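Shown next: my_file_37.cif, containing mmCIF, C-alpha atoms.
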```cif
data_target
#
loop_
_atom_site.label_atom_id
_atom_site.label_comp_id
_atom_site.auth_asym_id
_atom_site.auth_seq_id
_atom_site.Cartn_x
_atom_site.Cartn_y
_atom_site.Cartn_z
CA MET A 1 3.26 -2.78 -20.14
CA ALA A 2 2.67 -1.59 -16.57
CA THR A 3 1.80 2.01 -16.10
CA ALA A 4 3.81 3.82 -13.44
CA VAL A 5 1.69 5.27 -10.71
CA ARG A 6 2.80 8.69 -9.56
CA SER A 7 2.34 9.22 -5.87
CA SER A 8 1.09 12.61 -4.79
CA PRO A 9 3.50 14.55 -2.61
CA ARG A 10 2.66 14.86 1.05
CA THR A 11 1.37 18.19 2.15
CA ALA A 12 3.19 19.70 5.09
CA PRO A 13 1.02 20.98 7.93
CA ALA A 14 0.17 24.62 7.58
CA LEU A 15 2.03 26.99 9.85
CA PRO A 16 1.01 30.53 10.66
CA ARG A 17 2.64 33.16 8.54
CA SER A 18 5.00 35.59 10.20
CA GLY A 19 2.47 38.38 9.75
CA HIS A 20 -0.07 36.46 11.79
CA ILE A 21 1.97 35.47 14.82
CA LEU A 22 -0.58 36.99 17.18
CA SER A 23 -3.59 35.44 15.44
CA ASP A 24 -2.49 31.81 15.28
CA PRO A 25 -5.67 29.74 14.71
CA ARG A 26 -4.28 27.06 17.03
CA HIS A 27 -4.21 29.49 19.95
CA GLY A 28 -6.78 32.14 19.02
CA PRO A 29 -6.33 35.39 20.98
CA LEU A 30 -4.06 33.82 23.60
CA PRO A 31 -0.68 35.11 22.27
CA PRO A 32 -1.37 38.86 22.66
CA LEU A 33 -3.03 38.31 26.03
CA LEU A 34 -0.07 36.28 27.27
CA LEU A 35 2.30 38.98 26.01
CA ALA A 36 0.38 41.45 28.18
CA LEU A 37 0.92 39.12 31.15
CA THR A 38 4.62 39.01 30.28
CA ALA A 39 4.71 42.80 30.62
CA VAL A 40 3.00 42.45 34.01
CA THR A 41 5.84 40.16 35.10
CA GLY A 42 8.41 42.82 34.24
CA LEU A 43 6.43 45.46 36.14
CA VAL A 44 5.97 43.50 39.36
CA ASP A 45 9.56 42.24 39.42
CA ALA A 46 10.74 45.83 39.02
CA VAL A 47 8.73 46.72 42.13
CA SER A 48 9.96 43.71 44.08
CA ILE A 49 13.64 44.17 43.24
CA LEU A 50 13.72 47.92 43.79
CA ARG A 51 11.34 48.28 46.74
CA LEU A 52 10.83 44.94 48.49
CA GLY A 53 14.34 44.08 49.58
CA ARG A 54 15.82 42.64 46.39
CA VAL A 55 13.37 39.79 45.99
CA PHE A 56 11.87 38.26 42.87
CA VAL A 57 8.15 37.53 42.97
CA ALA A 58 7.89 35.99 39.48
CA ASN A 59 11.31 34.43 38.84
CA MET A 60 11.74 31.79 41.50
CA THR A 61 15.16 30.71 40.24
CA GLY A 62 16.50 34.16 41.07
CA ASN A 63 14.55 34.23 44.31
CA VAL A 64 16.10 30.97 45.52
CA VAL A 65 19.53 32.47 44.81
CA PHE A 66 18.60 35.66 46.70
CA THR A 67 17.37 33.53 49.61
CA GLY A 68 20.81 31.93 49.73
CA PHE A 69 22.41 35.39 49.79
CA ALA A 70 20.11 36.48 52.63
CA LEU A 71 20.85 33.34 54.65
CA THR A 72 24.57 34.12 54.56
CA GLY A 73 23.97 37.68 55.72
CA ALA A 74 24.70 39.45 52.44
CA PRO A 75 23.66 43.12 52.84
CA GLY A 76 20.60 44.43 51.04
CA PHE A 77 18.70 41.13 50.82
CA SER A 78 15.58 40.42 52.89
CA LEU A 79 15.24 36.82 54.06
CA SER A 80 11.66 37.33 55.22
CA ALA A 81 10.58 38.86 51.89
CA SER A 82 12.30 36.04 49.97
CA LEU A 83 10.58 33.38 52.08
CA PHE A 84 7.19 35.12 51.78
CA ALA A 85 7.69 35.24 48.01
CA LEU A 86 8.62 31.54 47.81
CA ALA A 87 5.66 30.50 49.95
CA GLY A 88 3.33 32.82 48.05
CA PHE A 89 4.46 31.55 44.67
CA LEU A 90 3.94 27.91 45.67
CA THR A 91 0.50 28.80 47.04
CA GLY A 92 -0.36 30.63 43.83
CA ALA A 93 0.82 27.72 41.68
CA ALA A 94 -1.41 25.39 43.70
CA ILE A 95 -4.34 27.76 43.21
CA GLY A 96 -3.56 27.94 39.50
CA GLY A 97 -3.59 24.15 39.32
CA ALA A 98 -6.98 24.07 41.00
CA LEU A 99 -8.31 26.68 38.56
CA ALA A 100 -7.00 24.59 35.66
CA THR A 101 -8.79 21.51 37.02
CA ARG A 102 -12.02 23.45 37.39
CA ALA A 103 -11.76 24.87 33.86
CA GLY A 104 -11.22 21.41 32.38
CA HIS A 105 -9.94 21.65 28.83
CA ASP A 106 -11.40 25.13 28.23
CA ARG A 107 -8.41 27.45 27.86
CA ALA A 108 -10.59 30.58 27.62
CA LEU A 109 -12.24 29.82 30.95
CA LEU A 110 -8.85 29.13 32.55
CA LEU A 111 -7.45 32.43 31.33
CA LEU A 112 -10.46 34.30 32.69
CA SER A 113 -10.31 32.74 36.15
CA ALA A 114 -6.52 33.15 36.39
CA ALA A 115 -6.46 36.75 35.17
CA GLY A 116 -9.35 37.72 37.44
CA SER A 117 -7.68 36.16 40.47
CA GLU A 118 -4.38 37.80 39.61
CA LEU A 119 -6.03 41.19 39.22
CA THR A 120 -7.59 40.88 42.68
CA LEU A 121 -4.23 40.06 44.28
CA VAL A 122 -2.31 42.83 42.52
CA ALA A 123 -5.04 45.32 43.47
CA ALA A 124 -4.69 44.17 47.10
CA ALA A 125 -0.92 44.65 46.91
CA LEU A 126 -1.50 48.12 45.47
CA ALA A 127 -3.82 48.97 48.37
CA VAL A 128 -1.09 48.01 50.85
CA ALA A 129 1.73 49.76 48.98
CA ALA A 130 -0.04 52.98 48.01
CA PRO A 131 -0.20 54.78 51.40
CA ALA A 132 3.54 54.57 52.11
CA THR A 133 6.46 56.09 50.23
CA ALA A 134 8.86 53.61 51.84
CA LEU A 135 7.53 50.25 52.98
CA THR A 136 8.45 48.94 56.41
CA ALA A 137 9.14 45.24 57.01
CA VAL A 138 5.59 43.97 57.56
CA PRO A 139 3.86 45.77 54.64
CA ARG A 140 6.84 44.89 52.43
CA ASP A 141 6.47 41.18 53.18
CA ILE A 142 2.70 41.33 52.66
CA VAL A 143 3.15 42.96 49.25
CA ALA A 144 5.81 40.42 48.31
CA GLY A 145 3.54 37.56 49.33
CA LEU A 146 0.49 38.90 47.46
CA LEU A 147 2.45 39.53 44.28
CA ALA A 148 4.10 36.12 44.47
CA VAL A 149 0.71 34.38 44.81
CA ALA A 150 -0.46 36.28 41.72
CA MET A 151 2.64 35.25 39.77
CA GLY A 152 2.26 31.64 40.88
CA ILE A 153 -1.28 31.61 39.49
CA GLN A 154 -0.07 33.20 36.27
CA ASN A 155 2.77 30.72 35.85
CA ALA A 156 0.55 27.69 36.47
CA ALA A 157 -2.09 29.00 34.06
CA ALA A 158 0.45 29.79 31.32
CA ARG A 159 1.87 26.29 31.70
CA ARG A 160 -1.59 24.78 31.14
CA LEU A 161 -2.45 27.18 28.30
CA ALA A 162 0.69 25.84 26.58
CA VAL A 163 1.32 28.51 23.95
CA PRO A 164 4.88 27.84 22.73
CA ASP A 165 7.51 30.35 23.91
CA LEU A 166 5.00 32.35 25.97
CA THR A 167 5.56 31.19 29.54
CA THR A 168 5.07 34.85 30.68
CA THR A 169 7.58 34.58 33.55
CA VAL A 170 10.77 32.73 32.53
CA LEU A 171 12.89 33.65 29.51
CA THR A 172 15.88 31.32 29.87
CA MET A 173 14.65 28.75 27.35
CA THR A 174 13.20 31.52 25.19
CA LEU A 175 16.64 33.11 24.87
CA THR A 176 18.16 29.69 24.21
CA GLY A 177 15.65 29.17 21.42
CA ILE A 178 16.48 32.54 19.89
CA ALA A 179 20.20 31.74 19.77
CA ALA A 180 19.56 28.24 18.41
CA ASP A 181 17.20 29.51 15.71
CA LEU A 182 19.64 32.19 14.61
CA ARG A 183 22.43 29.60 14.43
CA ALA A 184 20.21 27.32 12.37
CA ARG A 185 19.04 30.27 10.26
CA ASN A 186 15.48 29.50 11.23
CA HIS A 187 13.68 32.83 10.98
CA GLY A 188 10.14 31.52 11.20
CA PRO A 189 7.17 32.40 13.41
CA ALA A 190 8.69 30.81 16.53
CA LEU A 191 11.66 33.16 16.44
CA THR A 192 9.40 36.19 16.08
CA ARG A 193 7.25 35.06 18.99
CA ARG A 194 10.33 34.59 21.18
CA LEU A 195 11.66 38.01 20.30
CA LEU A 196 8.30 39.56 21.15
CA ALA A 197 8.31 37.80 24.54
CA VAL A 198 11.76 39.15 25.39
CA ALA A 199 10.91 42.65 24.16
CA THR A 200 7.67 42.70 26.16
CA MET A 201 9.38 41.59 29.36
CA LEU A 202 12.09 44.21 28.82
CA ALA A 203 9.51 46.92 28.23
CA GLY A 204 7.58 45.95 31.36
CA ALA A 205 10.72 45.95 33.51
CA GLY A 206 11.89 49.26 32.08
CA ALA A 207 8.51 50.91 32.58
CA GLY A 208 8.26 49.50 36.09
CA ALA A 209 11.72 50.73 37.06
CA TRP A 210 11.02 54.19 35.66
CA LEU A 211 7.73 54.45 37.55
CA VAL A 212 9.22 53.17 40.82
CA LEU A 213 12.25 55.49 40.68
CA ARG A 214 10.52 58.58 39.29
CA ILE A 215 7.03 58.33 40.81
CA SER A 216 6.28 55.48 43.25
CA GLN A 217 5.86 51.74 43.58
CA ALA A 218 2.11 52.34 43.58
CA ALA A 219 2.32 53.78 40.06
CA ALA A 220 4.04 50.65 38.77
CA LEU A 221 1.54 48.38 40.51
CA GLY A 222 -1.28 50.52 39.17
CA LEU A 223 -0.04 49.99 35.61
CA ALA A 224 0.24 46.25 36.27
CA ALA A 225 -3.33 46.21 37.58
CA GLY A 226 -4.48 48.13 34.51
CA LEU A 227 -2.89 45.57 32.17
CA LEU A 228 -4.48 42.76 34.15
CA ALA A 229 -7.85 44.48 33.85
CA LEU A 230 -7.41 44.57 30.07
CA VAL A 231 -6.45 40.88 29.99
CA THR A 232 -9.46 40.03 32.16
CA ALA A 233 -11.74 42.01 29.85
CA GLY A 234 -10.23 40.25 26.83
CA ALA A 235 -10.75 36.89 28.53
CA ILE A 236 -14.42 37.73 29.16
CA VAL A 237 -14.83 38.35 25.44
CA THR A 238 -13.12 35.06 24.54
CA VAL A 239 -15.33 33.05 26.90
CA ARG A 240 -18.37 34.27 24.97
CA ARG A 241 -16.96 33.09 21.63
CA PRO A 242 -16.66 29.45 20.57
CA GLY A 243 -13.52 28.16 18.88
CA THR A 244 -11.46 25.02 18.54
CA TRP A 245 -8.45 26.85 20.01
CA ARG A 246 -10.19 26.80 23.40
CA GLU A 247 -9.70 23.06 23.75
CA SER A 248 -6.45 22.09 25.44
CA ALA A 249 -4.81 18.70 25.20
CA PRO A 250 -5.94 16.18 27.83
#
```

Let's see the structure in the file written out as C-alpha coordinates.
Amino acid sequence: MATAVRSSPRTAPALPRSGHILSDPRHGPLPPLLLALTAVTGLVDAVSILRLGRVFVANMTGNVVFTGFALTGAPGFSLSASLFALAGFLTGAAIGGALATRAGHDRALLLLSAAGSELTLVAAALAVAAPATALTAVPRDIVAGLLAVAMGIQNAAARRLAVPDLTTTVLTMTLTGIAADLRARNHGPALTRRLLAVATMLAGAGAGAWLVLRISQAAALGLAAGLLALVTAGAIVTVRRPGTWRESAP
(Lines of atoms letter the chains of each structure in order from A and count residues from 1; the text may use other names and numbers.)
(Lines give C-alpha, C1' and ligand atoms only; values in the text may rest on other atoms or scores of the structure.)
Protein backbone atom coordinates (compact mmCIF):
# COMPACT_ATOMS: atom_id res chain seq x y z
CA MET A 1 0.00 0.00 0.00
CA ALA A 2 1.52 3.30 -1.12
CA THR A 3 2.21 5.85 1.52
CA ALA A 4 0.93 9.34 0.77
CA VAL A 5 3.64 11.94 0.73
CA ARG A 6 2.65 15.21 2.33
CA SER A 7 4.13 18.19 0.60
CA SER A 8 5.38 20.98 2.81
CA PRO A 9 3.57 24.28 2.35
CA ARG A 10 5.42 27.03 0.57
CA THR A 11 6.71 29.79 2.73
CA ALA A 12 5.72 33.26 1.63
CA PRO A 13 8.52 35.82 1.40
CA ALA A 14 8.95 37.78 4.57
CA LEU A 15 7.66 41.33 4.52
CA PRO A 16 8.59 44.06 6.95
CA ARG A 17 6.21 44.49 9.82
CA SER A 18 4.27 47.71 10.05
CA GLY A 19 6.33 48.76 13.06
CA HIS A 20 9.50 48.57 11.01
CA ILE A 21 8.51 50.52 7.91
CA LEU A 22 11.52 52.81 8.25
CA SER A 23 14.00 49.99 8.88
CA ASP A 24 13.18 47.69 5.97
CA PRO A 25 16.20 45.37 5.55
CA ARG A 26 15.77 45.57 1.77
CA HIS A 27 16.37 49.32 1.82
CA GLY A 28 18.34 49.92 5.01
CA PRO A 29 18.23 53.56 6.16
CA LEU A 30 16.96 54.87 2.82
CA PRO A 31 13.25 55.31 3.76
CA PRO A 32 13.74 57.93 6.53
CA LEU A 33 16.35 59.76 4.47
CA LEU A 34 14.04 59.88 1.45
CA LEU A 35 11.21 61.12 3.66
CA ALA A 36 13.48 64.00 4.69
CA LEU A 37 14.02 64.76 0.99
CA THR A 38 10.25 64.69 0.52
CA ALA A 39 9.96 67.43 3.14
CA VAL A 40 12.62 69.41 1.25
CA THR A 41 10.41 69.21 -1.85
CA GLY A 42 7.50 70.76 0.04
CA LEU A 43 9.74 73.53 1.37
CA VAL A 44 11.27 74.56 -1.95
CA ASP A 45 7.97 74.40 -3.83
CA ALA A 46 6.45 76.66 -1.17
CA VAL A 47 9.21 79.18 -1.90
CA SER A 48 8.84 78.86 -5.66
CA ILE A 49 5.05 79.19 -5.71
CA LEU A 50 4.85 82.05 -3.23
CA ARG A 51 7.95 84.05 -4.17
CA LEU A 52 9.21 83.07 -7.62
CA GLY A 53 6.25 83.93 -9.81
CA ARG A 54 4.01 80.89 -9.32
CA VAL A 55 6.45 78.31 -10.62
CA PHE A 56 7.08 74.75 -9.50
CA VAL A 57 10.72 73.70 -9.18
CA ALA A 58 10.06 70.08 -8.16
CA ASN A 59 6.73 69.18 -9.80
CA MET A 60 7.31 69.50 -13.52
CA THR A 61 3.76 68.46 -14.41
CA GLY A 62 2.46 71.55 -12.65
CA ASN A 63 5.26 73.65 -14.08
CA VAL A 64 4.39 72.69 -17.66
CA VAL A 65 0.80 73.74 -16.95
CA PHE A 66 1.99 77.05 -15.47
CA THR A 67 4.18 77.60 -18.53
CA GLY A 68 1.06 77.24 -20.67
CA PHE A 69 -0.71 79.82 -18.49
CA ALA A 70 2.23 82.23 -18.83
CA LEU A 71 2.36 81.79 -22.60
CA THR A 72 -1.27 82.88 -22.88
CA GLY A 73 -0.64 85.96 -20.75
CA ALA A 74 -2.43 84.82 -17.60
CA PRO A 75 -1.61 87.32 -14.83
CA GLY A 76 0.68 86.32 -11.98
CA PHE A 77 2.68 83.68 -13.87
CA SER A 78 6.31 84.20 -14.89
CA LEU A 79 7.26 82.65 -18.23
CA SER A 80 10.98 83.22 -17.66
CA ALA A 81 10.91 81.57 -14.22
CA SER A 82 8.93 78.62 -15.60
CA LEU A 83 11.40 78.14 -18.47
CA PHE A 84 14.39 78.46 -16.13
CA ALA A 85 12.81 75.84 -13.87
CA LEU A 86 12.15 73.45 -16.77
CA ALA A 87 15.68 73.84 -18.12
CA GLY A 88 17.16 73.54 -14.64
CA PHE A 89 15.19 70.41 -13.82
CA LEU A 90 16.26 68.69 -17.04
CA THR A 91 19.87 69.68 -16.35
CA GLY A 92 19.62 68.36 -12.81
CA ALA A 93 18.08 65.08 -13.99
CA ALA A 94 20.98 64.66 -16.42
CA ILE A 95 23.45 65.34 -13.61
CA GLY A 96 21.61 62.85 -11.41
CA GLY A 97 21.87 60.24 -14.15
CA ALA A 98 25.60 60.84 -14.39
CA LEU A 99 25.95 60.50 -10.61
CA ALA A 100 24.02 57.23 -10.74
CA THR A 101 26.35 55.92 -13.45
CA ARG A 102 29.39 56.90 -11.41
CA ALA A 103 28.00 55.26 -8.25
CA GLY A 104 27.32 52.01 -10.10
CA HIS A 105 25.04 49.76 -8.08
CA ASP A 106 25.99 51.34 -4.73
CA ARG A 107 22.85 53.10 -3.49
CA ALA A 108 24.62 54.58 -0.44
CA LEU A 109 27.22 56.26 -2.63
CA LEU A 110 24.52 57.57 -4.97
CA LEU A 111 22.56 59.08 -2.09
CA LEU A 112 25.69 60.78 -0.76
CA SER A 113 26.68 62.33 -4.08
CA ALA A 114 23.11 63.43 -4.85
CA ALA A 115 22.42 64.90 -1.41
CA GLY A 116 25.75 66.71 -1.34
CA SER A 117 25.17 68.21 -4.78
CA GLU A 118 21.65 69.22 -3.84
CA LEU A 119 22.85 70.85 -0.63
CA THR A 120 25.38 72.94 -2.58
CA LEU A 121 22.71 74.16 -5.01
CA VAL A 122 20.14 75.01 -2.33
CA ALA A 123 22.84 76.86 -0.35
CA ALA A 124 23.65 78.85 -3.51
CA ALA A 125 19.96 79.68 -3.97
CA LEU A 126 19.83 80.78 -0.34
CA ALA A 127 22.82 83.06 -0.88
CA VAL A 128 21.02 84.74 -3.79
CA ALA A 129 17.65 85.00 -2.03
CA ALA A 130 18.80 86.07 1.43
CA PRO A 131 19.81 89.72 0.77
CA ALA A 132 16.47 90.76 -0.76
CA THR A 133 13.02 90.87 0.81
CA ALA A 134 11.39 90.86 -2.64
CA LEU A 135 13.26 89.27 -5.53
CA THR A 136 13.48 91.11 -8.84
CA ALA A 137 13.29 89.26 -12.16
CA VAL A 138 16.94 88.22 -12.57
CA PRO A 139 17.59 86.94 -9.01
CA ARG A 140 14.17 85.25 -9.07
CA ASP A 141 15.03 83.33 -12.23
CA ILE A 142 18.45 82.38 -10.86
CA VAL A 143 16.90 81.01 -7.67
CA ALA A 144 14.28 79.12 -9.68
CA GLY A 145 16.97 77.61 -11.89
CA LEU A 146 19.23 76.58 -8.99
CA LEU A 147 16.38 74.98 -7.06
CA ALA A 148 15.13 73.18 -10.16
CA VAL A 149 18.59 71.72 -10.84
CA ALA A 150 18.65 70.46 -7.24
CA MET A 151 15.20 68.90 -7.60
CA GLY A 152 16.17 67.29 -10.90
CA ILE A 153 19.14 65.64 -9.20
CA GLN A 154 16.92 64.50 -6.34
CA ASN A 155 14.28 63.07 -8.66
CA ALA A 156 16.81 61.17 -10.77
CA ALA A 157 18.52 59.79 -7.66
CA ALA A 158 15.24 58.72 -6.04
CA ARG A 159 14.27 56.96 -9.26
CA ARG A 160 17.52 54.96 -9.20
CA LEU A 161 17.32 54.29 -5.45
CA ALA A 162 13.92 52.69 -6.19
CA VAL A 163 12.35 52.60 -2.73
CA PRO A 164 8.65 51.88 -3.38
CA ASP A 165 6.30 54.84 -2.86
CA LEU A 166 9.14 57.23 -1.98
CA THR A 167 9.74 59.21 -5.16
CA THR A 168 10.26 62.35 -2.97
CA THR A 169 8.73 64.73 -5.54
CA VAL A 170 5.53 63.32 -7.11
CA LEU A 171 2.56 62.06 -5.11
CA THR A 172 -0.01 61.33 -7.82
CA MET A 173 0.63 57.58 -7.92
CA THR A 174 1.16 57.54 -4.16
CA LEU A 175 -2.33 58.94 -3.62
CA THR A 176 -3.72 56.49 -6.18
CA GLY A 177 -2.10 53.65 -4.25
CA ILE A 178 -3.60 54.86 -0.98
CA ALA A 179 -7.12 54.91 -2.44
CA ALA A 180 -6.64 51.51 -4.09
CA ASP A 181 -5.28 49.94 -0.91
CA LEU A 182 -8.14 51.29 1.17
CA ARG A 183 -10.64 49.96 -1.36
CA ALA A 184 -8.96 46.56 -1.27
CA ARG A 185 -8.68 46.73 2.52
CA ASN A 186 -4.95 46.32 2.24
CA HIS A 187 -3.57 47.99 5.35
CA GLY A 188 -0.02 46.68 5.10
CA PRO A 189 3.39 48.38 5.16
CA ALA A 190 2.98 49.90 1.69
CA LEU A 191 -0.07 51.89 2.78
CA THR A 192 1.75 53.20 5.84
CA ARG A 193 4.74 54.25 3.76
CA ARG A 194 2.48 56.08 1.30
CA LEU A 195 0.69 57.90 4.09
CA LEU A 196 4.02 58.96 5.57
CA ALA A 197 5.15 60.31 2.18
CA VAL A 198 2.00 62.42 1.83
CA ALA A 199 2.18 63.65 5.42
CA THR A 200 5.85 64.59 5.04
CA MET A 201 5.24 66.53 1.84
CA LEU A 202 2.29 68.30 3.47
CA ALA A 203 4.38 69.19 6.52
CA GLY A 204 7.21 70.53 4.36
CA ALA A 205 4.84 72.66 2.27
CA GLY A 206 3.05 73.97 5.35
CA ALA A 207 6.29 74.82 7.13
CA GLY A 208 7.67 76.45 3.99
CA ALA A 209 4.56 78.57 3.47
CA TRP A 210 4.55 79.67 7.11
CA LEU A 211 8.22 80.67 6.97
CA VAL A 212 7.85 82.50 3.65
CA LEU A 213 4.75 84.43 4.73
CA ARG A 214 5.75 85.13 8.33
CA ILE A 215 9.54 85.48 8.08
CA SER A 216 11.19 85.29 4.64
CA GLN A 217 11.98 83.02 1.72
CA ALA A 218 15.50 82.76 3.11
CA ALA A 219 14.17 81.14 6.28
CA ALA A 220 12.39 78.45 4.27
CA LEU A 221 15.45 77.81 2.12
CA GLY A 222 17.59 77.73 5.26
CA LEU A 223 15.40 74.98 6.71
CA ALA A 224 15.62 73.07 3.42
CA ALA A 225 19.41 73.39 3.48
CA GLY A 226 19.45 72.18 7.08
CA LEU A 227 17.45 69.06 6.18
CA LEU A 228 19.77 68.40 3.25
CA ALA A 229 22.76 68.73 5.57
CA LEU A 230 21.22 66.07 7.82
CA VAL A 231 20.57 63.77 4.85
CA THR A 232 24.14 64.29 3.64
CA ALA A 233 25.48 63.48 7.10
CA GLY A 234 23.29 60.37 7.23
CA ALA A 235 24.55 59.35 3.80
CA ILE A 236 28.16 59.72 4.95
CA VAL A 237 27.42 57.31 7.79
CA THR A 238 25.77 54.79 5.43
CA VAL A 239 28.73 54.84 3.03
CA ARG A 240 30.97 53.68 5.88
CA ARG A 241 28.74 50.69 6.67
CA PRO A 242 28.42 47.59 4.49
CA GLY A 243 25.03 46.04 3.77
CA THR A 244 23.21 44.10 1.09
CA TRP A 245 20.63 46.91 0.83
CA ARG A 246 23.28 49.08 -0.83
CA GLU A 247 23.21 46.98 -3.99
CA SER A 248 20.69 48.16 -6.55
CA ALA A 249 19.32 46.05 -9.37
CA PRO A 250 21.36 46.16 -12.59

> Do you have the atom CA of Arg54 of chain A-atom CA of Ala127 of chain A distance handy?
Replying inline: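 Atom-to-atom, atom CA of Arg54 of chain A and atom CA of Ala127 of chain A are spaced 20.7 Å apart.
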
> Residues at most 9 Å from Leu195 of chain A, counting only C-alpha atoms, excluding those fewer than 3 positions away in the same chain, as a list in words?
Replying inline: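 The contact residues come out as Thr174, Leu175, Ile178, Ala190, Leu191, Thr192, Val198, Ala199 and Thr200 of chain A.
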
> Which residue, A:Thr67, A:Gln217, A:Thr172, A:Thr91, has the smallest gap to Ala156 of chain A when you use all atoms listed in the file?
Replying inline: A:Thr91

> Between atom CA of Val55 of chain A and atom CA of Leu228 of chain A, what is the spacing in Å?
Replying inline: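 So the two atoms, atom CA of Leu228 of chain A and atom CA of Val55 of chain A, lie 21.6 Å apart.
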
> Can you tell me how far atom CA of Trp210 of chain A sits from atom CA of Gly53 of chain A, in Å to one decimal?
Replying inline: 17.5 Å

Can you tell me which residues surround Val40 of chain A at a distance of at most 7 Å, considering only C-alpha atoms, apart from same-chain residues fewer than 5 positions away, and format the answer as a PDB file with C-alpha atoms, in the frame of the given file?
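Final output, around-v7.pdb:
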```pdb
ATOM      1  CA  GLY A 204       7.580  45.950  31.360  1.00  0.00           C
ATOM      2  CA  ALA A 224       0.240  46.250  36.270  1.00  0.00           C
ATOM      3  CA  LEU A 227      -2.890  45.570  32.170  1.00  0.00           C
TER       4      LEU A 227
END
```

> Which polymer residues have any atom within 12 Å of an atom of Pro29 of chain A, counting all atoms listed in the file, with same-chain residues fewer than 4 positions away left out, as a list in words?
Replying inline: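 After dropping sequence-adjacent residues, the list is His20, Ile21, Leu22, Ser23, Asp24, Pro25, Leu33, Leu34, Leu35, Ala36, Arg107, Ala108, Leu111, Leu161, Val163, Val231, Gly234, Ala235, Ile236, Val237, Thr238, Val239, Arg241, Pro242, Gly243, Thr244, Trp245 and Arg246 of chain A.
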
>> Since I can't run it myself right now, could you work out what the PyMOL selection byres ((chain A and resi 116) around 10) selects here and report it as a PyMOL selection string?
In response: chain A and resi 110-115+117-121+150+228-229+231-233+235-236

> Which residue gives the smallest distance to Phe77 of chain A among A:Ile49, A:Val143, A:Ala94, A:Ala58, with all atoms listed in the file counted?
Replying inline: A:Ile49

>> Starting from the PyMOL selection byres ((chain A and resi 60) around 10), expand the selection into actual residues of this file and give them as a PyMOL selection string.
In response: chain A and resi 55-59+61-66+82+85-86+89-90+148+151-152+169-170

Output C-alpha atoms for every residue in the selection just made, as a PDB file, keeping the file's coordinate frame.
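Dumped everything to part.pdb:
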```
ATOM      1  CA  VAL A  55      13.370  39.790  45.990  1.00  0.00           C
ATOM      2  CA  PHE A  56      11.870  38.260  42.870  1.00  0.00           C
ATOM      3  CA  VAL A  57       8.150  37.530  42.970  1.00  0.00           C
ATOM      4  CA  ALA A  58       7.890  35.990  39.480  1.00  0.00           C
ATOM      5  CA  ASN A  59      11.310  34.430  38.840  1.00  0.00           C
ATOM      6  CA  THR A  61      15.160  30.710  40.240  1.00  0.00           C
ATOM      7  CA  GLY A  62      16.500  34.160  41.070  1.00  0.00           C
ATOM      8  CA  ASN A  63      14.550  34.230  44.310  1.00  0.00           C
ATOM      9  CA  VAL A  64      16.100  30.970  45.520  1.00  0.00           C
ATOM     10  CA  VAL A  65      19.530  32.470  44.810  1.00  0.00           C
ATOM     11  CA  PHE A  66      18.600  35.660  46.700  1.00  0.00           C
ATOM     12  CA  SER A  82      12.300  36.040  49.970  1.00  0.00           C
ATOM     13  CA  ALA A  85       7.690  35.240  48.010  1.00  0.00           C
ATOM     14  CA  LEU A  86       8.620  31.540  47.810  1.00  0.00           C
ATOM     15  CA  PHE A  89       4.460  31.550  44.670  1.00  0.00           C
ATOM     16  CA  LEU A  90       3.940  27.910  45.670  1.00  0.00           C
ATOM     17  CA  ALA A 148       4.100  36.120  44.470  1.00  0.00           C
ATOM     18  CA  MET A 151       2.640  35.250  39.770  1.00  0.00           C
ATOM     19  CA  GLY A 152       2.260  31.640  40.880  1.00  0.00           C
ATOM     20  CA  THR A 169       7.580  34.580  33.550  1.00  0.00           C
ATOM     21  CA  VAL A 170      10.770  32.730  32.530  1.00  0.00           C
TER      22      VAL A 170
END
```

>> Given the PyMOL selection byres ((chain A and resi 130) around 9) and the file above, list the residues it selects as a count of residues only.
In response: 13

> Which one is closest to Ala93 of chain A: A:Pro32, A:Ala207, A:Val149, A:Ala225? Count only C-alpha atoms.
Replying inline: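 Nearest to Ala93 of chain A: A:Val149.
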
>> Could you check the closest approach to Thr101 of chain A for each of A:Ala87, A:Leu135, A:Val122, A:Ala157 and tell me which residue wins, using only C-alpha atoms?
In response: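 Using only C-alpha atoms, Thr101 of chain A sits closest to A:Ala157.
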
>> Taking only C-alpha atoms into account, name the residue in A:Leu30, A:Ala124, A:Ala103, A:Val44 that is nearest to Ala158 of chain A.
In response: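 Nearest candidate to Ala158 of chain A out of A:Leu30, A:Ala124, A:Ala103, A:Val44: A:Leu30.
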
> Between A:His105, A:Leu213, A:Leu196, A:Ser80, which is the closest to Arg51 of chain A once you count only C-alpha atoms?
Replying inline: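 Among the listed residues, the smallest separation from Arg51 of chain A belongs to A:Leu213.
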